[in-house]
Amino acid sequence: MPTNNSWLTPYQRSHNAIKQQILSKLRVNVPEVTDYTEGNILIVIISIFSAIAEVIHYYIDSTARETFFTTARRYSSLYKHAKLVDYHIKSGVPASTDLVLSFKDGNVASTDISIPIGTEWTSKDGKVWINTKNIVWASGLRAVTVPVVQKYLAKSNVVLGVVTYDGIAVQLSNIPPDQFYVEGSMSLTIDGDTWTLVDTFAYYGPMDRVFKVEPDDSLIPTIYFGDGVNGMRPSINSRLIGSYYLTYGLESNIEADSFSQVPKAVQSKVSNRTMQVNQFKKASGGSNYEDFNTLKRRVPLSVKTLGVAITKEDFENLAMLQDGVLKAYANYLCGRYVQIFIIPDNYGVASNWLIEQVRNKL
């Protein structure tokens, strides 16, 4: 039952408000007290009590504030709210851009030139980029567009950890401080079996070899496994062999004209002619691990759509849940067509790769 306090009410919360309320009641209820200076030990005790009460009020208010998603101010609180609705915390997203390859003499290609997926390109600042698909520069064309993303293979088939107990989570703790694990880039084998990377364990059973990789509440990328009901648990003493990519995230959103070198593997395909590379648009879409503001924006979108697009707003929300997309607008006519216009994270112009990612998601 509620406590009735004739001296204080819940509306006195600061040190001064609490102290002044007690002193005013003291003057009425205990008229024998005439000395209200700090020289009176009773007044000193009241001051100390008021300070303690203010601190207690602060912690009560803080706890109440962090309990709700809309009022939370701490990243750890938002993280816990996100996990309550099974939201997948995103890792680093590489920036993307389009490179235009041509010959310096301005003439067309005389034969088909193949540029395989994974070919490494280096920007002027030394960052490594790879093209995201197999490109064929067809004979008779003056130039070809090559979509690239800023990431590189950091670890290839190395031991990432050993399973020592059920429910183990393995941290990727050796990543340089200025770089980030690339979202969705992990490939993993355990005792020779290939495991599948997923965003949630909700749709999997106890015999499904699935795993997740996402930052923990300290922003350290971590490998998670199922609980034996949703997702298989790896056997004790199993070794985790994995490969993954790293990116510079936000710092990979480099300006236009940041490429000048054609990879030797590409230039060597043509003799007696010199290629040149141009970057006409700024790289965009690169970001670090999901921060406070990103979680505030994306977790409600995830709950609203649950991965299903029916209305115009659903299409926009799903597009904005794609890694690297900041804003989206849908030109929508139910049952006939939908056009999606997107703005990348940190603004700029969307690359062909990012547009393709959104199209595939929808």
# chains A, B, ... in the order shown; residues from 1 in each chain; ligands from 1

$ residues_around --residues "Val325 of chain A" --least-positions-apart "5" --cutoff "7 Å" --atoms "only C-alpha atoms" --output "list in words"
Gly285, Met320, Ile342, Ile343, Pro344 and Asp345 of chain A

$ write_last_selection --atoms "C-alpha atoms" --output "compact mmCIF listing (two decimals), in the first residue's frame"
# COMPACT_ATOMS: atom_id res chain seq x y z
CA GLY A 285 27.46 3.55 -47.53
CA MET A 320 16.33 1.24 -44.81
CA ILE A 342 17.68 5.30 -51.62
CA ILE A 343 20.23 7.55 -49.91
CA PRO A 344 23.36 5.76 -48.60
CA ASP A 345 24.65 6.03 -45.05

$ select_by_dssp --residues "segment 159-258 of chain A" --states "strand (DSSP E)" --output "ChimeraX atom specification"
/A:159-162,170-171,180-181,187-190,193-197,210-215,221-225,239-247

$ write_last_selection --atoms "N, CA, C and O atoms" --output "compact mmCIF listing (two decimals), in the first residue's frame"
# COMPACT_ATOMS: atom_id res chain seq x y z
N VAL A 159 42.54 -20.79 -37.04
CA VAL A 159 41.84 -21.23 -35.84
C VAL A 159 41.36 -20.00 -35.07
O VAL A 159 42.15 -19.17 -34.65
N LEU A 160 40.05 -19.89 -34.93
CA LEU A 160 39.47 -18.74 -34.23
C LEU A 160 39.20 -19.03 -32.76
O LEU A 160 38.98 -18.11 -31.98
N GLY A 161 39.21 -20.31 -32.39
CA GLY A 161 38.95 -20.67 -31.00
C GLY A 161 38.67 -22.15 -30.86
O GLY A 161 38.57 -22.88 -31.85
N VAL A 162 38.56 -22.58 -29.62
CA VAL A 162 38.26 -23.97 -29.29
C VAL A 162 37.05 -23.98 -28.35
O VAL A 162 36.98 -23.17 -27.42
N VAL A 170 32.62 -16.87 -28.99
CA VAL A 170 34.02 -16.62 -29.32
C VAL A 170 34.17 -15.20 -29.85
O VAL A 170 33.57 -14.85 -30.87
N GLN A 171 34.98 -14.41 -29.18
CA GLN A 171 35.20 -13.03 -29.60
C GLN A 171 36.32 -12.93 -30.63
O GLN A 171 37.31 -13.65 -30.55
N PHE A 180 37.12 -2.83 -38.88
CA PHE A 180 35.90 -3.44 -38.38
C PHE A 180 35.60 -4.72 -39.15
O PHE A 180 35.84 -4.80 -40.36
N TYR A 181 35.09 -5.71 -38.41
CA TYR A 181 34.63 -6.94 -39.05
C TYR A 181 33.51 -6.61 -40.02
O TYR A 181 32.60 -5.85 -39.68
N SER A 187 33.02 -17.10 -42.85
CA SER A 187 32.78 -18.49 -43.24
C SER A 187 33.45 -19.36 -42.18
O SER A 187 34.55 -19.06 -41.72
N LEU A 188 32.78 -20.44 -41.76
CA LEU A 188 33.21 -21.20 -40.60
C LEU A 188 33.04 -22.70 -40.82
O LEU A 188 32.01 -23.15 -41.32
N THR A 189 34.07 -23.45 -40.44
CA THR A 189 33.98 -24.90 -40.41
C THR A 189 34.37 -25.38 -39.01
O THR A 189 35.26 -24.80 -38.38
N ILE A 190 33.68 -26.42 -38.55
CA ILE A 190 33.95 -27.01 -37.24
C ILE A 190 34.11 -28.50 -37.44
O ILE A 190 33.18 -29.18 -37.87
N ASP A 193 33.08 -29.79 -40.81
CA ASP A 193 31.72 -29.51 -41.28
C ASP A 193 31.54 -28.01 -41.47
O ASP A 193 31.95 -27.21 -40.62
N THR A 194 30.91 -27.63 -42.58
CA THR A 194 30.63 -26.22 -42.86
C THR A 194 29.37 -25.79 -42.12
O THR A 194 28.32 -26.44 -42.23
N TRP A 195 29.47 -24.70 -41.38
CA TRP A 195 28.32 -24.13 -40.67
C TRP A 195 27.83 -22.91 -41.43
O TRP A 195 28.60 -22.23 -42.11
N THR A 196 26.54 -22.61 -41.29
CA THR A 196 25.89 -21.54 -42.06
C THR A 196 25.70 -20.30 -41.21
O THR A 196 25.19 -20.38 -40.09
N LEU A 197 26.09 -19.15 -41.75
CA LEU A 197 25.91 -17.87 -41.07
C LEU A 197 24.47 -17.41 -41.21
O LEU A 197 23.93 -17.36 -42.33
N VAL A 210 24.19 -23.85 -37.58
CA VAL A 210 24.11 -22.43 -37.87
C VAL A 210 24.82 -21.64 -36.78
O VAL A 210 24.97 -22.11 -35.64
N PHE A 211 25.25 -20.43 -37.12
CA PHE A 211 25.91 -19.55 -36.17
C PHE A 211 25.63 -18.11 -36.54
O PHE A 211 25.21 -17.81 -37.67
N LYS A 212 25.84 -17.21 -35.59
CA LYS A 212 25.69 -15.76 -35.82
C LYS A 212 27.01 -15.07 -35.48
O LYS A 212 27.78 -15.55 -34.65
N VAL A 213 27.23 -13.93 -36.12
CA VAL A 213 28.34 -13.05 -35.74
C VAL A 213 27.76 -11.64 -35.61
O VAL A 213 27.20 -11.11 -36.57
N GLU A 214 27.88 -11.07 -34.43
CA GLU A 214 27.44 -9.69 -34.22
C GLU A 214 28.21 -9.09 -33.05
O GLU A 214 28.72 -9.83 -32.19
N PRO A 215 28.33 -7.76 -33.00
CA PRO A 215 29.03 -7.13 -31.88
C PRO A 215 28.27 -7.36 -30.58
O PRO A 215 27.05 -7.35 -30.55
N PRO A 221 33.12 -7.91 -32.06
CA PRO A 221 32.44 -8.94 -32.86
C PRO A 221 32.59 -10.31 -32.21
O PRO A 221 33.68 -10.71 -31.81
N THR A 222 31.47 -11.03 -32.12
CA THR A 222 31.45 -12.29 -31.38
C THR A 222 30.69 -13.35 -32.15
O THR A 222 29.64 -13.05 -32.75
N ILE A 223 31.21 -14.58 -32.15
CA ILE A 223 30.54 -15.71 -32.78
C ILE A 223 29.63 -16.37 -31.74
O ILE A 223 30.07 -16.73 -30.65
N TYR A 224 28.35 -16.53 -32.10
CA TYR A 224 27.37 -17.15 -31.21
C TYR A 224 26.81 -18.41 -31.86
O TYR A 224 26.69 -18.48 -33.09
N PHE A 225 26.46 -19.38 -31.00
CA PHE A 225 25.86 -20.63 -31.47
C PHE A 225 24.50 -20.82 -30.82
O PHE A 225 24.15 -20.15 -29.84
N ARG A 239 37.40 -27.42 -32.83
CA ARG A 239 38.16 -26.24 -33.25
C ARG A 239 37.37 -25.48 -34.31
O ARG A 239 36.81 -26.06 -35.22
N LEU A 240 37.36 -24.16 -34.16
CA LEU A 240 36.66 -23.28 -35.09
C LEU A 240 37.66 -22.76 -36.11
O LEU A 240 38.61 -22.04 -35.76
N ILE A 241 37.46 -23.13 -37.39
CA ILE A 241 38.33 -22.67 -38.48
C ILE A 241 37.52 -21.69 -39.32
O ILE A 241 36.46 -22.03 -39.86
N GLY A 242 38.01 -20.45 -39.40
CA GLY A 242 37.21 -19.43 -40.08
C GLY A 242 37.99 -18.50 -40.96
O GLY A 242 39.23 -18.41 -40.88
N SER A 243 37.25 -17.80 -41.80
CA SER A 243 37.79 -16.74 -42.65
C SER A 243 36.83 -15.56 -42.59
O SER A 243 35.62 -15.75 -42.50
N TYR A 244 37.38 -14.34 -42.62
CA TYR A 244 36.51 -13.17 -42.60
C TYR A 244 37.24 -11.95 -43.17
O TYR A 244 38.47 -11.94 -43.29
N TYR A 245 36.43 -10.93 -43.51
CA TYR A 245 36.94 -9.70 -44.10
C TYR A 245 36.91 -8.57 -43.06
O TYR A 245 36.11 -8.59 -42.12
N LEU A 246 37.77 -7.58 -43.29
CA LEU A 246 37.77 -6.35 -42.50
C LEU A 246 37.58 -5.15 -43.42
O LEU A 246 37.89 -5.21 -44.61
N THR A 247 37.10 -4.06 -42.84
CA THR A 247 36.91 -2.81 -43.58
C THR A 247 37.26 -1.64 -42.68
O THR A 247 37.33 -1.79 -41.45

$ select_by_dssp --residues "segment 5-197 of chain A" --states "alpha helix (DSSP H)" --output "PyMOL selection string"
chain A and resi 15-29+41-67+75-84

$ closest_residue --among "A:Gly167, A:Gly205, A:Pro147, A:Pro10" --to "Ala350 of chain A" --atoms "only C-alpha atoms"
A:Pro147

$ closest_residue --among "A:Asn278, A:Ser252, A:Ser284, A:Thr70" --to "Arg297 of chain A" --atoms "only C-alpha atoms"
A:Thr70

$ closest_atom_pairs --of "segment 190-269 of chain A" --to "segment 111-124 of chain A" --cutoff "9 Å" --atoms "only C-alpha atoms" --output "CSV"
residue,atom,partner,partner_atom,distance
A:Ile254,CA,A:Ser123,CA,8.9
A:Asp257,CA,A:Lys124,CA,8.9
A:Ser258,CA,A:Lys124,CA,5.5
A:Phe259,CA,A:Ser123,CA,4.7
A:Ser260,CA,A:Lys124,CA,6.9
A:Gln261,CA,A:Thr122,CA,7.1
A:Val262,CA,A:Trp121,CA,7.1
A:Pro263,CA,A:Trp121,CA,6.0
A:Ala265,CA,A:Thr119,CA,8.0
A:Val266,CA,A:Ile115,CA,6.6
A:Lys269,CA,A:Ile113,CA,7.0

$ atom_distance --atom1 "atom CA of Leu326 of chain A" --atom2 "atom CA of His88 of chain A"
17.1 Å

$ closest_residue --among "A:Val30, A:Val303, A:Leu250, A:Ile168" --to "Asn237 of chain A" --atoms "only C-alpha atoms"
A:Ile168

$ decode --residues "segment 211-223 of chain A" --atoms "N, CA and C atoms" --output "mmCIF file, in the first residue's frame"
data_model
loop_
_atom_site.group_PDB
_atom_site.id
_atom_site.type_symbol
_atom_site.label_atom_id
_atom_site.label_comp_id
_atom_site.auth_asym_id
_atom_site.auth_seq_id
_atom_site.Cartn_x
_atom_site.Cartn_y
_atom_site.Cartn_z
ATOM 1 N N PHE A 211 25.247 -20.432 -37.124
ATOM 2 C CA PHE A 211 25.911 -19.548 -36.168
ATOM 3 C C PHE A 211 25.630 -18.110 -36.537
ATOM 4 N N LYS A 212 25.841 -17.206 -35.592
ATOM 5 C CA LYS A 212 25.693 -15.762 -35.815
ATOM 6 C C LYS A 212 27.009 -15.073 -35.484
ATOM 7 N N VAL A 213 27.229 -13.929 -36.120
ATOM 8 C CA VAL A 213 28.335 -13.046 -35.744
ATOM 9 C C VAL A 213 27.759 -11.641 -35.614
ATOM 10 N N GLU A 214 27.881 -11.067 -34.427
ATOM 11 C CA GLU A 214 27.442 -9.692 -34.218
ATOM 12 C C GLU A 214 28.212 -9.093 -33.047
ATOM 13 N N PRO A 215 28.332 -7.763 -33.003
ATOM 14 C CA PRO A 215 29.032 -7.132 -31.880
ATOM 15 C C PRO A 215 28.275 -7.360 -30.576
ATOM 16 N N ASP A 216 29.031 -7.572 -29.483
ATOM 17 C CA ASP A 216 28.391 -7.634 -28.179
ATOM 18 C C ASP A 216 28.170 -6.212 -27.668
ATOM 19 N N ASP A 217 27.725 -6.074 -26.407
ATOM 20 C CA ASP A 217 27.418 -4.727 -25.916
ATOM 21 C C ASP A 217 28.665 -3.896 -25.656
ATOM 22 N N SER A 218 29.863 -4.497 -25.849
ATOM 23 C CA SER A 218 31.125 -3.747 -25.788
ATOM 24 C C SER A 218 31.689 -3.503 -27.182
ATOM 25 N N LEU A 219 30.887 -3.795 -28.211
ATOM 26 C CA LEU A 219 31.259 -3.598 -29.618
ATOM 27 C C LEU A 219 32.451 -4.451 -30.030
ATOM 28 N N ILE A 220 32.510 -5.668 -29.525
ATOM 29 C CA ILE A 220 33.500 -6.656 -29.958
ATOM 30 C C ILE A 220 32.773 -7.722 -30.768
ATOM 31 N N PRO A 221 33.119 -7.914 -32.056
ATOM 32 C CA PRO A 221 32.438 -8.938 -32.860
ATOM 33 C C PRO A 221 32.586 -10.313 -32.214
ATOM 34 N N THR A 222 31.474 -11.031 -32.119
ATOM 35 C CA THR A 222 31.452 -12.292 -31.376
ATOM 36 C C THR A 222 30.685 -13.345 -32.153
ATOM 37 N N ILE A 223 31.208 -14.577 -32.146
ATOM 38 C CA ILE A 223 30.538 -15.709 -32.776
ATOM 39 C C ILE A 223 29.628 -16.365 -31.743
#
